[in-house]
Amino acid sequence: MTSPRYAADALCALATSLLEQAGAMKSTARLVADSLLAADRAGIHSHGLLRLPLYLEVIAAGGIDPISEPRIVRQFGGVTVLDGACAFGQVVMQRAVDLVAESARTHGIATVAVQGSSHYGAGQYWTNQLAEQGIAAILTSTTGPVAAPFGGSRPVLGTNPLTVALPSAGPHPLVADLATTAGAYGKIVAARNEGADIPDDWGVDAAARPTTDPAAVLDGGALLPFGGHKGSGISVLLEGLSAALTSASFAFQTVDIWQDQSSRMNTGHVLIALDLTAFGDAEAIRARVAELQDEVRSSHPDSPVLAPGDLEHTRLVENAETVEVAPSTLEQLRHLADQHDLPFPSPLAEKSPR
């Protein structure tokens, strides 16, 4: 992006204030704002502040209860079923992370299955918390109906994101965080907002024709799975894991908040945690993960190769204090600040230190 840079703390404070004015408690508002800023700092703009205007509309329409707290509905050994009670997905996921970490330390492996939740932002924000505690994690979720299965033409599946993180002795975990669609839904929205095209294998229009127009995908079309039938198969299985283990809704049973802000989506998540100490010497396991990362990075004789998670980690470090946000998102945020009589931060000078 080529937009001006802004102080990350200033944008986080603005987002926190907007969420508080919408009815969220300060701790909740700060958690949600921090998760969105972390995505923007990592370059995952599809899950960053682009989502904040939608969140505020959904609160106002009743799709998210900003003061609701998740509750445990079932526990069996290392398994916990958690009802999100229409709270912010970030609030639900923070509770899930805390519960699964405690349970994994007791049982070695633990799972929290979630119903009644909403969008939780970028998955690595949650799995990295566990990796920092020496716990490997696998996370997936349902979404609204936006994707067609391989060979289909109508939205039956969600983007069904998958995040896997392994603790490492290196500077950051080995982590992959991806949608099982060829492009994330938020990237389609961002492209529409910016007037940009999308790759022709990302989605189809309402007549099931491949298109580079993001608006055609969003208006009656569908996203496509990555990797053809293989990606589609993974997506279907993740849909089942995320919804069938609880009373969460399948995507095809869901009205997305992008279409109806009053919808209580009953989103489902599954978070699986593995405590390294249950498998042996945790430091030795971390060292082996770091060895794998280094082998991937050195796999080309003439140029460095990125291991999963390298790019996002580099961006998080580079954007620790300042961040770029898309012009269309900045315009929406500035409008919201004006509406709520909040000061909008000034852009930083081009030569401001990062």
# chains A, B, ... in the order shown; residues from 1 in each chain; ligands from 1
call {"tool": "residues_around", "arguments": {"residues": "range 232-237 of chain A", "least_positions_apart": "6", "cutoff": "10 Å", "atoms": "only C-alpha atoms", "output": "list in words"}}
result
Thr140, Thr142, Ala147, Ala148, Pro149, Phe150, Gly151, Val156, Leu157, Gly158, Thr159, Asn160, Pro161, Leu162, Ala179, Thr180, Thr181, Leu224, Pro225 and Phe226 of chain A
call {"tool": "write_last_selection", "arguments": {"atoms": "C-alpha atoms", "output": "compact mmCIF listing (two decimals), in the first residue's frame"}}
result
# COMPACT_ATOMS: atom_id res chain seq x y z
CA THR A 140 -10.48 -23.44 12.52
CA THR A 142 -17.09 -21.55 10.27
CA ALA A 147 -17.72 -20.33 -1.03
CA ALA A 148 -18.80 -22.96 -3.52
CA PRO A 149 -17.42 -26.49 -3.14
CA PHE A 150 -15.41 -27.91 -6.04
CA GLY A 151 -17.80 -28.49 -8.94
CA VAL A 156 -22.43 -23.66 0.61
CA LEU A 157 -19.21 -23.31 2.61
CA GLY A 158 -17.43 -20.57 4.47
CA THR A 159 -13.84 -19.47 3.99
CA ASN A 160 -13.16 -22.05 6.74
CA PRO A 161 -9.83 -20.63 7.90
CA LEU A 162 -7.09 -22.91 9.21
CA ALA A 179 -8.41 -19.28 4.32
CA THR A 180 -9.32 -22.43 2.44
CA THR A 181 -10.71 -20.25 -0.34
CA LEU A 224 -13.70 -20.75 -4.98
CA PRO A 225 -11.58 -23.17 -2.92
CA PHE A 226 -7.82 -23.17 -3.21
call {"tool": "select_by_dssp", "arguments": {"residues": "range 114-344 of chain A", "states": "alpha helix (DSSP H)", "output": "PyMOL selection string"}}
result
chain A and resi 124-132+185-194+214-218+228-244+282-297+310-318+327-339
call {"tool": "closest_residue", "arguments": {"among": "A:Ala278, A:Leu330, A:Leu19, A:Leu36", "to": "Ile135 in chain A", "atoms": "only C-alpha atoms"}}
result
A:Ala278
call {"tool": "select_by_dssp", "arguments": {"residues": "range 213-299 of chain A", "states": "strand (DSSP E or B)", "output": "list in words"}}
result
Ala222, Leu223, Pro225, Thr267, Gly268, His269, Val270, Leu271, Ile272, Ala273, Leu274 and Asp275 of chain A
call {"tool": "residues_around", "arguments": {"residues": "Thr254 in chain A", "least_positions_apart": "5", "cutoff": "8 Å", "atoms": "only C-alpha atoms", "output": "list in words"}}
result
Gly144, Pro145, Ser249, Met265 and Asn266 of chain A
call {"tool": "write_last_selection", "arguments": {"atoms": "N, CA, C and O atoms", "output": "short mmCIF file (atom, residue, chain, number, x, y, z; two decimals), in the first residue's frame"}}
result
data_model
loop_
_atom_site.label_atom_id
_atom_site.label_comp_id
_atom_site.auth_asym_id
_atom_site.auth_seq_id
_atom_site.Cartn_x
_atom_site.Cartn_y
_atom_site.Cartn_z
N GLY A 144 -19.75 -17.12 7.33
CA GLY A 144 -20.97 -17.06 6.54
C GLY A 144 -20.81 -17.84 5.24
O GLY A 144 -19.70 -18.25 4.86
N PRO A 145 -21.92 -18.06 4.50
CA PRO A 145 -21.86 -18.84 3.27
C PRO A 145 -21.31 -18.01 2.12
O PRO A 145 -22.01 -17.18 1.54
N SER A 249 -23.88 -23.22 13.70
CA SER A 249 -24.53 -23.33 12.39
C SER A 249 -23.52 -23.63 11.30
O SER A 249 -22.40 -23.09 11.31
N MET A 265 -24.93 -15.03 14.04
CA MET A 265 -24.46 -16.05 13.11
C MET A 265 -24.27 -17.43 13.73
O MET A 265 -24.24 -18.42 13.02
N ASN A 266 -24.12 -17.51 15.04
CA ASN A 266 -23.88 -18.79 15.69
C ASN A 266 -22.66 -19.47 15.07
O ASN A 266 -22.68 -20.65 14.70
#
call {"tool": "closest_residue", "arguments": {"among": "A:Gly62, A:Pro70, A:Pro171, A:Gly116", "to": "Ser247 in chain A", "atoms": "only C-alpha atoms"}}
result
A:Gly116
call {"tool": "closest_residue", "arguments": {"among": "A:Ile257, A:Leu274, A:Val81, A:Ala96", "to": "Ala136 in chain A", "atoms": "only C-alpha atoms"}}
result
A:Leu274
call {"tool": "residues_around", "arguments": {"residues": "range 284-295 of chain A", "least_positions_apart": "3", "cutoff": "12 Å", "atoms": "only C-alpha atoms", "output": "ChimeraX atom specification"}}
result
/A:131-136,165-175,275-281,298-301,304-310
call {"tool": "write_last_selection", "arguments": {"atoms": "N, CA, C and O atoms", "output": "short mmCIF file (atom, residue, chain, number, x, y, z; two decimals), in the first residue's frame"}}
result
data_model
loop_
_atom_site.label_atom_id
_atom_site.label_comp_id
_atom_site.auth_asym_id
_atom_site.auth_seq_id
_atom_site.Cartn_x
_atom_site.Cartn_y
_atom_site.Cartn_z
N ALA A 131 1.55 -20.65 21.39
CA ALA A 131 2.93 -21.01 21.05
C ALA A 131 3.92 -20.37 22.01
O ALA A 131 4.94 -20.99 22.38
N GLU A 132 3.63 -19.16 22.44
CA GLU A 132 4.51 -18.49 23.40
C GLU A 132 4.54 -19.22 24.74
O GLU A 132 5.49 -19.07 25.51
N GLN A 133 3.52 -20.02 25.01
CA GLN A 133 3.46 -20.79 26.24
C GLN A 133 3.96 -22.24 26.06
O GLN A 133 3.81 -23.06 26.95
N GLY A 134 4.55 -22.52 24.90
CA GLY A 134 5.04 -23.86 24.65
C GLY A 134 3.95 -24.83 24.26
O GLY A 134 4.09 -26.04 24.48
N ILE A 135 2.89 -24.32 23.66
CA ILE A 135 1.75 -25.15 23.29
C ILE A 135 1.50 -25.02 21.78
O ILE A 135 1.31 -23.91 21.27
N ALA A 136 1.54 -26.14 21.07
CA ALA A 136 1.19 -26.15 19.65
C ALA A 136 -0.33 -26.05 19.52
O ALA A 136 -1.06 -26.48 20.42
N ALA A 165 0.07 -23.61 14.48
CA ALA A 165 1.26 -22.95 15.03
C ALA A 165 2.06 -23.93 15.87
O ALA A 165 1.50 -24.67 16.69
N LEU A 166 3.38 -23.94 15.66
CA LEU A 166 4.29 -24.76 16.43
C LEU A 166 5.30 -23.87 17.13
O LEU A 166 5.95 -23.04 16.49
N PRO A 167 5.48 -24.02 18.45
CA PRO A 167 6.52 -23.25 19.14
C PRO A 167 7.90 -23.57 18.56
O PRO A 167 8.16 -24.70 18.13
N SER A 168 8.78 -22.60 18.56
CA SER A 168 10.10 -22.75 17.95
C SER A 168 11.16 -22.11 18.83
O SER A 168 10.89 -21.14 19.55
N ALA A 169 12.38 -22.65 18.74
CA ALA A 169 13.52 -22.01 19.40
C ALA A 169 14.00 -20.80 18.61
O ALA A 169 14.85 -20.04 19.09
N GLY A 170 13.47 -20.60 17.43
CA GLY A 170 13.81 -19.44 16.62
C GLY A 170 13.08 -18.20 17.11
O GLY A 170 12.43 -18.20 18.16
N PRO A 171 13.15 -17.11 16.33
CA PRO A 171 12.57 -15.85 16.78
C PRO A 171 11.05 -15.82 16.80
O PRO A 171 10.46 -14.92 17.40
N HIS A 172 10.39 -16.77 16.16
CA HIS A 172 8.93 -16.78 16.15
C HIS A 172 8.43 -18.19 15.85
O HIS A 172 9.18 -19.03 15.34
N PRO A 173 7.16 -18.48 16.15
CA PRO A 173 6.63 -19.81 15.88
C PRO A 173 6.61 -20.11 14.38
O PRO A 173 6.65 -19.21 13.54
N LEU A 174 6.55 -21.38 14.09
CA LEU A 174 6.26 -21.84 12.72
C LEU A 174 4.75 -21.84 12.61
O LEU A 174 4.07 -22.62 13.28
N VAL A 175 4.21 -20.95 11.78
CA VAL A 175 2.75 -20.76 11.78
C VAL A 175 2.24 -20.52 10.36
O VAL A 175 2.85 -19.78 9.59
N ASP A 275 0.40 -29.63 24.49
CA ASP A 275 1.47 -29.14 25.35
C ASP A 275 2.75 -29.91 25.02
O ASP A 275 2.79 -31.15 25.12
N LEU A 276 3.80 -29.19 24.63
CA LEU A 276 5.02 -29.86 24.21
C LEU A 276 5.60 -30.76 25.30
O LEU A 276 6.18 -31.81 25.01
N THR A 277 5.44 -30.38 26.57
CA THR A 277 6.03 -31.18 27.64
C THR A 277 5.42 -32.56 27.75
O THR A 277 6.03 -33.47 28.32
N ALA A 278 4.22 -32.74 27.20
CA ALA A 278 3.60 -34.06 27.21
C ALA A 278 4.26 -35.01 26.22
O ALA A 278 4.09 -36.23 26.31
N PHE A 279 5.04 -34.47 25.28
CA PHE A 279 5.63 -35.27 24.22
C PHE A 279 7.12 -35.50 24.42
O PHE A 279 7.75 -36.23 23.66
N GLY A 280 7.70 -34.85 25.43
CA GLY A 280 9.13 -35.01 25.68
C GLY A 280 9.76 -33.71 26.14
O GLY A 280 9.12 -32.87 26.78
N ASP A 281 11.02 -33.54 25.79
CA ASP A 281 11.78 -32.35 26.16
C ASP A 281 11.29 -31.17 25.31
O ASP A 281 11.53 -31.13 24.10
N SER A 298 16.80 -22.13 3.68
CA SER A 298 18.04 -22.32 2.91
C SER A 298 17.86 -23.27 1.73
O SER A 298 18.83 -23.80 1.20
N SER A 299 16.61 -23.49 1.31
CA SER A 299 16.34 -24.52 0.31
C SER A 299 16.58 -24.06 -1.13
O SER A 299 16.36 -24.83 -2.06
N HIS A 300 17.00 -22.82 -1.33
CA HIS A 300 17.38 -22.35 -2.67
C HIS A 300 18.82 -21.87 -2.61
O HIS A 300 19.20 -21.16 -1.67
N PRO A 301 19.64 -22.23 -3.60
CA PRO A 301 21.07 -21.89 -3.50
C PRO A 301 21.38 -20.41 -3.63
O PRO A 301 22.43 -19.95 -3.16
N PRO A 304 17.03 -16.39 -0.46
CA PRO A 304 16.36 -16.91 0.74
C PRO A 304 14.92 -17.31 0.45
O PRO A 304 14.26 -16.76 -0.43
N VAL A 305 14.45 -18.29 1.16
CA VAL A 305 13.08 -18.77 1.06
C VAL A 305 12.39 -18.48 2.39
O VAL A 305 12.99 -18.61 3.46
N LEU A 306 11.14 -18.06 2.33
CA LEU A 306 10.39 -17.75 3.55
C LEU A 306 9.77 -19.01 4.12
O LEU A 306 9.09 -19.76 3.42
N ALA A 307 10.00 -19.27 5.40
CA ALA A 307 9.27 -20.31 6.10
C ALA A 307 7.91 -19.75 6.50
O ALA A 307 7.75 -18.53 6.64
N PRO A 308 6.91 -20.60 6.68
CA PRO A 308 5.59 -20.10 7.08
C PRO A 308 5.66 -19.24 8.34
O PRO A 308 6.25 -19.64 9.35
N GLY A 309 5.11 -18.05 8.26
CA GLY A 309 5.10 -17.12 9.38
C GLY A 309 6.19 -16.08 9.34
O GLY A 309 6.13 -15.08 10.06
N ASP A 310 7.22 -16.28 8.49
CA ASP A 310 8.34 -15.33 8.44
C ASP A 310 7.88 -13.94 8.01
O ASP A 310 8.27 -12.92 8.61
#
call {"tool": "closest_residue", "arguments": {"among": "A:Ala60, A:Leu52, A:Ala122, A:Ala85", "to": "Glu312 in chain A", "atoms": "only C-alpha atoms"}}
result
A:Ala122
call {"tool": "closest_residue", "arguments": {"among": "A:Val97, A:Ser153, A:Gln339, A:Ala248", "to": "Asp205 in chain A", "atoms": "only C-alpha atoms"}}
result
A:Ser153
call {"tool": "closest_residue", "arguments": {"among": "A:Val91, A:Ile44, A:Val217, A:Leu49", "to": "Ile64 in chain A", "atoms": "only C-alpha atoms"}}
result
A:Val91
call {"tool": "residues_around", "arguments": {"residues": "Asp65 in chain A", "least_positions_apart": "3", "cutoff": "6 Å", "atoms": "only C-alpha atoms", "output": "JSON, numbers by chain"}}
result
{"A": [68, 86, 87]}
call {"tool": "write_last_selection", "arguments": {"atoms": "N, CA and C atoms", "output": "mmCIF file, in the first residue's frame"}}
result
data_model
loop_
_atom_site.group_PDB
_atom_site.id
_atom_site.type_symbol
_atom_site.label_atom_id
_atom_site.label_comp_id
_atom_site.auth_asym_id
_atom_site.auth_seq_id
_atom_site.Cartn_x
_atom_site.Cartn_y
_atom_site.Cartn_z
ATOM 1 N N SER A 68 -21.780 -9.254 26.392
ATOM 2 C CA SER A 68 -22.017 -10.665 26.675
ATOM 3 C C SER A 68 -20.703 -11.367 27.020
ATOM 4 N N CYS A 86 -23.238 -14.898 21.700
ATOM 5 C CA CYS A 86 -23.312 -13.746 20.780
ATOM 6 C C CYS A 86 -22.330 -12.637 21.132
ATOM 7 N N ALA A 87 -21.276 -12.979 21.867
ATOM 8 C CA ALA A 87 -20.252 -11.990 22.201
ATOM 9 C C ALA A 87 -19.334 -11.766 20.998
#
call {"tool": "residues_around", "arguments": {"residues": "range 182-188 of chain A", "least_positions_apart": "4", "cutoff": "10 Å", "atoms": "only C-alpha atoms", "output": "compact mmCIF listing (two decimals) with N, CA, C and O atoms, in the first residue's frame"}}
result
# COMPACT_ATOMS: atom_id res chain seq x y z
N ILE A 44 -2.07 -8.37 7.25
CA ILE A 44 -3.30 -9.14 6.98
C ILE A 44 -4.46 -8.15 7.03
O ILE A 44 -5.31 -8.17 7.92
N HIS A 45 -4.50 -7.24 6.06
CA HIS A 45 -5.44 -6.12 6.11
C HIS A 45 -6.89 -6.57 5.96
O HIS A 45 -7.82 -5.86 6.36
N SER A 46 -7.10 -7.77 5.40
CA SER A 46 -8.46 -8.29 5.27
C SER A 46 -9.11 -8.55 6.63
O SER A 46 -10.33 -8.66 6.73
N HIS A 47 -8.27 -8.65 7.69
CA HIS A 47 -8.78 -8.92 9.03
C HIS A 47 -8.45 -7.80 10.01
O HIS A 47 -8.55 -7.98 11.22
N GLY A 48 -8.09 -6.65 9.47
CA GLY A 48 -7.70 -5.53 10.30
C GLY A 48 -8.81 -4.52 10.50
O GLY A 48 -10.00 -4.88 10.60
N LEU A 50 -10.29 -2.72 8.59
CA LEU A 50 -11.35 -2.83 7.59
C LEU A 50 -12.63 -3.38 8.21
O LEU A 50 -13.73 -3.04 7.79
N ARG A 51 -12.49 -4.23 9.23
CA ARG A 51 -13.64 -4.88 9.86
C ARG A 51 -14.35 -3.99 10.89
O ARG A 51 -15.49 -4.29 11.26
N THR A 143 -17.77 -19.68 8.89
CA THR A 143 -18.04 -18.27 8.58
C THR A 143 -19.43 -18.23 7.94
O THR A 143 -20.16 -19.22 7.96
N GLY A 144 -19.75 -17.12 7.33
CA GLY A 144 -20.97 -17.06 6.54
C GLY A 144 -20.81 -17.84 5.24
O GLY A 144 -19.70 -18.25 4.86
N VAL A 146 -20.06 -18.23 1.77
CA VAL A 146 -19.43 -17.40 0.74
C VAL A 146 -18.72 -18.22 -0.33
O VAL A 146 -18.33 -17.67 -1.36
N ALA A 147 -18.55 -19.53 -0.13
CA ALA A 147 -17.72 -20.33 -1.03
C ALA A 147 -18.49 -21.51 -1.60
O ALA A 147 -19.27 -22.16 -0.91
N GLY A 158 -18.06 -21.82 4.10
CA GLY A 158 -17.43 -20.57 4.47
C GLY A 158 -16.01 -20.52 3.93
O GLY A 158 -15.59 -21.39 3.15
N THR A 159 -15.27 -19.50 4.34
CA THR A 159 -13.84 -19.47 3.99
C THR A 159 -13.07 -20.48 4.83
O THR A 159 -11.93 -20.81 4.52
N ASN A 160 -13.69 -20.97 5.90
CA ASN A 160 -13.16 -22.05 6.74
C ASN A 160 -11.66 -21.93 6.97
O ASN A 160 -10.87 -22.77 6.53
N PRO A 161 -11.26 -20.87 7.69
CA PRO A 161 -9.83 -20.63 7.90
C PRO A 161 -9.18 -21.73 8.72
O PRO A 161 -9.81 -22.37 9.57
N LEU A 178 -4.41 -19.33 7.11
CA LEU A 178 -4.93 -19.18 5.75
C LEU A 178 -6.40 -19.51 5.67
O LEU A 178 -6.93 -20.29 6.46
N ARG A 192 -12.91 -4.57 -3.68
CA ARG A 192 -14.07 -3.79 -4.10
C ARG A 192 -13.97 -2.35 -3.60
O ARG A 192 -14.21 -1.39 -4.34
N ASN A 193 -13.59 -2.19 -2.33
CA ASN A 193 -13.50 -0.85 -1.75
C ASN A 193 -12.45 0.01 -2.44
O ASN A 193 -12.61 1.23 -2.54
N GLU A 194 -11.38 -0.64 -2.90
CA GLU A 194 -10.28 0.09 -3.53
C GLU A 194 -10.43 0.19 -5.05
O GLU A 194 -9.59 0.78 -5.72
N ALA A 196 -10.19 -2.31 -7.18
CA ALA A 196 -9.17 -3.16 -7.79
C ALA A 196 -9.77 -4.47 -8.28
O ALA A 196 -10.83 -4.90 -7.82
N ASP A 197 -9.10 -5.11 -9.21
CA ASP A 197 -9.51 -6.43 -9.69
C ASP A 197 -8.97 -7.51 -8.76
O ASP A 197 -8.05 -7.29 -7.97
N ILE A 198 -9.54 -8.70 -8.88
CA ILE A 198 -9.05 -9.88 -8.18
C ILE A 198 -8.59 -10.90 -9.21
O ILE A 198 -8.99 -10.83 -10.38
N PRO A 199 -7.75 -11.86 -8.85
CA PRO A 199 -7.36 -12.91 -9.81
C PRO A 199 -8.58 -13.68 -10.32
O PRO A 199 -9.58 -13.84 -9.60
N ASP A 201 -9.16 -16.69 -10.74
CA ASP A 201 -9.47 -18.00 -10.17
C ASP A 201 -9.93 -17.89 -8.71
O ASP A 201 -10.01 -18.89 -8.01
N TRP A 202 -10.25 -16.68 -8.28
CA TRP A 202 -10.69 -16.48 -6.89
C TRP A 202 -12.19 -16.67 -6.71
O TRP A 202 -12.64 -17.03 -5.63
N GLY A 203 -12.97 -16.39 -7.75
CA GLY A 203 -14.41 -16.46 -7.56
C GLY A 203 -15.18 -16.45 -8.85
O GLY A 203 -14.62 -16.26 -9.95
N ASP A 213 -14.00 -9.25 -11.16
CA ASP A 213 -14.72 -8.15 -10.53
C ASP A 213 -15.14 -8.57 -9.11
O ASP A 213 -16.02 -9.43 -8.96
N PRO A 214 -14.55 -7.98 -8.07
CA PRO A 214 -14.92 -8.40 -6.72
C PRO A 214 -16.38 -8.16 -6.40
O PRO A 214 -17.00 -8.93 -5.66
N ALA A 215 -16.97 -7.10 -6.96
CA ALA A 215 -18.38 -6.82 -6.70
C ALA A 215 -19.26 -7.94 -7.24
O ALA A 215 -20.29 -8.27 -6.64
N VAL A 217 -18.50 -11.08 -7.38
CA VAL A 217 -18.40 -12.21 -6.44
C VAL A 217 -19.27 -11.95 -5.22
O VAL A 217 -19.99 -12.84 -4.74
N LEU A 218 -19.23 -10.71 -4.72
CA LEU A 218 -19.97 -10.38 -3.51
C LEU A 218 -21.47 -10.28 -3.76
O LEU A 218 -22.27 -10.48 -2.84
N ALA A 222 -19.75 -16.40 -5.77
CA ALA A 222 -19.17 -17.26 -4.75
C ALA A 222 -17.66 -17.28 -4.88
O ALA A 222 -17.11 -17.15 -5.98
N LEU A 223 -16.99 -17.42 -3.74
CA LEU A 223 -15.55 -17.67 -3.75
C LEU A 223 -15.30 -19.12 -4.14
O LEU A 223 -16.18 -19.97 -4.02
N LEU A 224 -14.08 -19.40 -4.60
CA LEU A 224 -13.70 -20.75 -4.98
C LEU A 224 -12.64 -21.29 -4.01
O LEU A 224 -11.86 -20.52 -3.46
N PRO A 225 -12.59 -22.61 -3.81
CA PRO A 225 -11.58 -23.17 -2.92
C PRO A 225 -10.20 -23.11 -3.54
O PRO A 225 -10.05 -23.08 -4.76
N PHE A 226 -9.18 -23.05 -2.69
CA PHE A 226 -7.82 -23.17 -3.21
C PHE A 226 -7.55 -24.63 -3.56
O PHE A 226 -8.15 -25.54 -3.00
N GLY A 227 -6.70 -24.85 -4.51
CA GLY A 227 -6.26 -26.21 -4.80
C GLY A 227 -7.30 -27.14 -5.38
O GLY A 227 -7.21 -28.36 -5.21
N GLY A 228 -8.35 -26.58 -6.01
CA GLY A 228 -9.33 -27.43 -6.65
C GLY A 228 -10.01 -28.38 -5.68
O GLY A 228 -10.43 -28.01 -4.59
N GLY A 231 -8.37 -28.65 -1.99
CA GLY A 231 -8.72 -27.58 -1.06
C GLY A 231 -10.18 -27.64 -0.66
O GLY A 231 -10.53 -27.37 0.50
call {"tool": "residues_around", "arguments": {"residues": "range 106-111 of chain A", "least_positions_apart": "6", "cutoff": "7 Å", "atoms": "only C-alpha atoms", "output": "list in words"}}
result
Gly78, Val79, Thr80, Val100, Leu271, Ile272, Ala273, Leu274, Asp275 and Ala278 of chain A
call {"tool": "atom_distance", "arguments": {"atom1": "CA of Gly77 in chain A", "atom2": "CA of Gly89 in chain A"}}
result
24.5 Å
